[in-house]
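Trainee: Sharing a structure here in structure tokens format.
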Amino acid sequence: MKLKKIITLILAFAILMSASVTVFASNSVTAELYIDKLGHIFTDMAVKVDVAIINSGTAQTVEYSLDIMYEDGSVAYTTGETLEMSAGGFKLITASFDAPKYGFYNVNLTANGEVIKSTRFSVVNAGKVLNNKLGINSLYQVGNGLGDIDKVQKLFADTGFGQVREGLTWNHFEATEGEYALTDNQKSYLSEIKNNKQNHLVILGHENIARGINFPKTDDEITAWCSYVEELAQDIAPYGIKDFELWNEVNIASEFGHGEVSSEEYAKLILVTKPILDKYIPDNRMFAFSLAGEQYTSTWSDFMDECFAVDGVIESFDGISYHPYYTGYDPEDKILVSLAEIEETVKKWGLEDKALIISEMGWTYEDETAENEEIQAKRTVRFAAMAYDKVEYIDWFVNLERINLTYEPDIHFGFLKGWKDQEINYEAKPVFLAMANFNTLTAGAGSNENLSDVSNDRYIYKFKKGKTNLYMLWKTEGEEQIDFEIGTDKAVVYDFYGNSTAVLAESGVISLNISDKPIYVTDDFEEGLKIDTNIVTIRGIANEVNQPVTIMVFRPDGETVLNKGEFVYVGETKTSSDGRYKFSFKDEEYDKGEYKIMLRVGDIQSSTEYEYSIAVPCLTLADANGNQIGDLGDITDETINARLEVINIKDYTVEGMMVCGLYYDNVLIDAQTIPVSVDKTQTVKEYQLTYPSDKAVDTIKVFLWDNNYSPMIESITVE
């Protein structure tokens, strides 16, 4: 056997034995897909999907296609061919392409007419620069995701999470009374966190089963606790750890079974722990309290007051940690109130020099739906902006869904799906893509400025990055188009996941659509911001509100069409409640120059409502053999032939243009133009549209423009 064939067979076997998804059978044909990324998550635009097709039956012809669609249904990649497969033969296909956008993708594999939604993947805006303002909680110590810790931790580092909160608990470190040692699990995550240059906040606690101690209260129990801290501090000193947190949510009696703990008992633990850390790690910082917020207890402020009143306590800790959970609410409703209350306590005791961190925060839900996952993402990102300047850093809870639990709300805090027994282990959730984008855009930013107009439900936060500004904007309900003063002649707008659009400003003002899903705007045009300068954005105001708007765009210096210029773009949108509209399109030949637009507001199919609606197009579709097609779902890879009848209902000769918009899942993917001339004595004239459907098409919309009517024509100069 030749070496090349041996290598091919090995590769096929590797694909079939790997963590692949969805196997299907059709006429003795099986196939598998393989994506060599943890959770099918790509941290750059270079996407690769491997396919193995195997014929386990007799020799046969196999037709296959591989279609990769963005979450909005637009086609990102497609390939396919007819294979003549021998008995026992196989075919390896690799789909490699650059993803057009950040977000989620579906992969459909078709073989011999059988289509199966095979798998999914995501593409994340990973800046690969740590954002030290934001981190993530992990639960490696109890085994969650430990088998892939190197990949998991690198993924979170690549997506900018500069902090990690993970315990080195008493129960694990002293599993047998009097014997102290880091477990293999602990050594593993200590090394990975250090290797990725992330700051590690170590939780000190909790109960010690070997000694039967829930919380150290007696003198003997405190002596045992001090031995744990002393031995641990010496063992972990080589890992460069500086930040420690004393216990977790001590003000909740049920937490880790420690029962009721008084403020006096916790104050005593502060007093004995800090000197030990100072001895072995002189530049350590010990964060105290780690208190659960008011949603779970109303006594946290009283608890802190009582601790501060104990002699020596204030001098024996370096910072305060806090968990302001309000999981059933939008962050704008409750969170800032909680933060203000803890700030008030800090000021009352003169503790402004103490660092304040949020060591746990997150949102969850009970029903696992796409809507709830998106709500989780929106709330998390908005809170990140609101708390950004109020604390030193935030550690989100938690990296992976806790699939070993049974209570649904406890499971779904995770940024990624569970580590085992999932359709796709470690699959990204919207909150992961949204927060990775936030990390990338805000990494290195200094303090932010709150420019919000809460009375009008407009939230605006300004981040300063060197000489440039980054703005984050949203509202909590509905959508609104606003004029935003950027102060420059051009800007870049980023969506929730980081897809960018370059826009031109008019007198330093740009028009933005804001909703409960935050967007970002920056005046920074430095290289590396993923700016697509081929994007053209057109905005305007019409007299009519909440009405359909159709636009055609021409390049006037190109080959003329109806004396308007070279056709560039056709699109549809709707005017807002104040008459505003916006179109954005990509022009591969974009350059400094001028565009002309033809704009129509209202129902273009009406022949009576508007005087200038001169005809009603009648559309008949046929396949390549001329047979009529009633359902566009019948069209696959055949050429589309459409018979277009134009009926002139006016008493003058109609000269104009038909624009045939080809859509898939309500997204315009292409357009064809056909000049039209129908004289007043000829009421019907037939035209033919031929379109090679190399892209999926499920709808054709026909726009008819009368050259005798002069729609709004504007010239737009692109600078």
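By order in the structure tokens, chains are A, B, ...; within a chain, residues start at 1; ligands start at 1, following the order shown.
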What residues in segment 174-329 of chain A get the DSSP label strand (DSSP E or B)? Please answer as a list in words.
Mentor: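 Restricting segment 174-329 of chain A to strand (DSSP E or B) produces Thr176, Glu179, Asn199, His200, Leu201, Val202, Ile203, Leu204, Asn208, Ile213, Asp243, Phe244, Glu245, Leu246, Arg285, Met286, Phe287, Ala288, Phe289, Ser290, Leu291, Ala292, Gly319, Ile320, Ser321, Tyr322 and His323 of chain A.
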Trainee: If we count only C-alpha atoms and set the cut-off at 12 Å, which residues sit around Asn137 of chain A, ignoring sequence neighbours fewer than 2 positions away in its own chain? Please answer as JSON, numbers by chain.
Mentor: {"A": [134, 135, 139, 140, 141, 144, 153, 156, 161, 162, 163, 164, 165, 166, 167, 193, 199, 200, 201, 202, 203, 358, 359, 360, 361, 362, 394, 395, 396, 397, 398, 399, 400, 401, 402, 413, 414, 415]}
Trainee: Please list as a ChimeraX atom specification every residue within 8 Å of Phe42 of chain A, counting only C-alpha atoms and excluding residues in the same chain fewer than 5 positions away.
Mentor: /A:37,47,121-124
Trainee: Output the selection as a PDB file, in the first residue's frame - C-alpha atoms for each residue.
Mentor:
```pdb
ATOM      1  CA  LYS A  37     -11.893  22.998  18.721  1.00  0.00           C
ATOM      2  CA  VAL A  47     -12.915  27.935  10.276  1.00  0.00           C
ATOM      3  CA  PHE A 121     -20.015  26.102  16.052  1.00  0.00           C
ATOM      4  CA  SER A 122     -19.302  29.639  17.151  1.00  0.00           C
ATOM      5  CA  VAL A 123     -16.769  32.314  16.230  1.00  0.00           C
ATOM      6  CA  VAL A 124     -15.768  34.637  19.053  1.00  0.00           C
TER       7      VAL A 124
END
```
Trainee: Expressed in Å to a single decimal, how great is the separation between atom CA of Leu405 of chain A and atom CA of Asn208 of chain A?
Mentor: 22.3 Å
Trainee: Tell me, in Å to one decimal, how far atom CA of Lys490 of chain A is from atom CA of Asp523 of chain A.
Mentor: 6.9 Å
Trainee: For segment 75-88 of chain A, work out the shell of residues within 6 Å, counting only C-alpha atoms and skipping chain neighbours fewer than 4 positions away, then give it as a list in words.
Mentor: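 Surrounding residues, per the criterion: Asn55, Ser56, Gly57, Thr58, Ala59, Gln60, Thr61, Val62, Glu63, Tyr64, Ser65, Leu66, Asp67, Ile68 and Met69 of chain A.
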Trainee: Selected residues, C-alpha atoms, written as an mmCIF file, in the first residue's frame, please.
Mentor:
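After the write, selection_35.cif holds the following:
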```cif
data_model
loop_
_atom_site.group_PDB
_atom_site.id
_atom_site.type_symbol
_atom_site.label_atom_id
_atom_site.label_comp_id
_atom_site.auth_asym_id
_atom_site.auth_seq_id
_atom_site.Cartn_x
_atom_site.Cartn_y
_atom_site.Cartn_z
ATOM 1 C CA ASN A 55 -19.908 3.643 1.917
ATOM 2 C CA SER A 56 -20.460 0.426 3.825
ATOM 3 C CA GLY A 57 -22.616 -1.131 1.086
ATOM 4 C CA THR A 58 -22.145 -1.949 -2.562
ATOM 5 C CA ALA A 59 -20.725 0.507 -5.086
ATOM 6 C CA GLN A 60 -23.075 3.435 -5.545
ATOM 7 C CA THR A 61 -23.427 7.097 -6.471
ATOM 8 C CA VAL A 62 -23.572 9.498 -3.542
ATOM 9 C CA GLU A 63 -24.604 13.119 -3.856
ATOM 10 C CA TYR A 64 -23.619 15.246 -0.897
ATOM 11 C CA SER A 65 -23.633 18.907 0.054
ATOM 12 C CA LEU A 66 -22.230 20.708 3.062
ATOM 13 C CA ASP A 67 -23.967 23.996 3.900
ATOM 14 C CA ILE A 68 -22.836 26.291 6.703
ATOM 15 C CA MET A 69 -25.268 29.022 7.691
#
```
Trainee: Pick out the residues sitting within 8 Å of His412 of chain A, and hand them over as number ranges by chain; count only C-alpha atoms, and ignore anything fewer than 4 positions along from it in its own chain.
Mentor: A: 364-366, 368, 401-402, 408
Trainee: Could you check which of A:Leu269, A:Met304, A:Val391, A:Ile241 is closest to Ala340 of chain A, using only C-alpha atoms?
Mentor: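 Of the candidates, the smallest distance to Ala340 of chain A is held by A:Val391.
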Trainee: Among segment 381-482 of chain A, which ones does DSSP place in alpha helix (DSSP H), written as a ChimeraX atom specification?
Mentor: /A:381-387,408-411,430-442
Trainee: Got time to write the residues from that selection, C-alpha atoms, as a PDB file, in the first residue's frame?
Mentor:
```
ATOM      1  CA  VAL A 381     -22.698  42.652  29.738  1.00  0.00           C
ATOM      2  CA  ARG A 382     -24.724  45.597  31.000  1.00  0.00           C
ATOM      3  CA  PHE A 383     -23.681  44.933  34.580  1.00  0.00           C
ATOM      4  CA  ALA A 384     -20.037  44.752  33.474  1.00  0.00           C
ATOM      5  CA  ALA A 385     -20.234  48.345  32.254  1.00  0.00           C
ATOM      6  CA  MET A 386     -22.193  49.600  35.264  1.00  0.00           C
ATOM      7  CA  ALA A 387     -19.820  48.110  37.857  1.00  0.00           C
ATOM      8  CA  GLU A 408     -32.037  24.006  37.215  1.00  0.00           C
ATOM      9  CA  PRO A 409     -31.168  27.580  38.339  1.00  0.00           C
ATOM     10  CA  ASP A 410     -27.983  26.279  39.986  1.00  0.00           C
ATOM     11  CA  ILE A 411     -26.950  24.630  36.715  1.00  0.00           C
ATOM     12  CA  PRO A 430     -24.372  33.798  24.107  1.00  0.00           C
ATOM     13  CA  VAL A 431     -23.011  35.163  27.397  1.00  0.00           C
ATOM     14  CA  PHE A 432     -19.549  33.824  26.536  1.00  0.00           C
ATOM     15  CA  LEU A 433     -19.436  35.484  23.108  1.00  0.00           C
ATOM     16  CA  ALA A 434     -20.856  38.731  24.475  1.00  0.00           C
ATOM     17  CA  MET A 435     -18.419  38.931  27.390  1.00  0.00           C
ATOM     18  CA  ALA A 436     -15.434  37.935  25.248  1.00  0.00           C
ATOM     19  CA  ASN A 437     -16.315  40.854  22.977  1.00  0.00           C
ATOM     20  CA  PHE A 438     -16.618  43.167  26.001  1.00  0.00           C
ATOM     21  CA  ASN A 439     -13.181  42.017  27.196  1.00  0.00           C
ATOM     22  CA  THR A 440     -11.630  42.603  23.786  1.00  0.00           C
ATOM     23  CA  LEU A 441     -13.078  46.071  23.349  1.00  0.00           C
ATOM     24  CA  THR A 442     -12.471  47.345  26.903  1.00  0.00           C
TER      25      THR A 442
END
```
Trainee: Point out the residue among A:Ile41, A:Ile320, A:Ile53, A:Ala111 with the least atom-to-atom distance to Ala355 of chain A, counting only C-alpha atoms.
Mentor: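 For Ala355 of chain A, the nearest of the given residues is A:Ile320.
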Trainee: Could you jot down the atom CA of Ile93 of chain A to atom CA of Val51 of chain A separation for me, Å, one decimal place?
Mentor: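 Calculated distance between atom CA of Ile93 of chain A and atom CA of Val51 of chain A is 5.0 Å.
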Trainee: Tell me which of A:Asp651, A:Glu344, A:Asp302, A:Asp333 sits closest to Ser263 of chain A, counting only C-alpha atoms.
Mentor: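 Of the candidates, the smallest distance to Ser263 of chain A is held by A:Asp302.
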Trainee: Using only C-alpha atoms, which protein or nucleic acid residues come within 8 Å of Ser515 of chain A? Drop anything in the same chain fewer than 4 positions from it, and give the result as a PyMOL selection string.
Mentor: chain A and resi 474-480
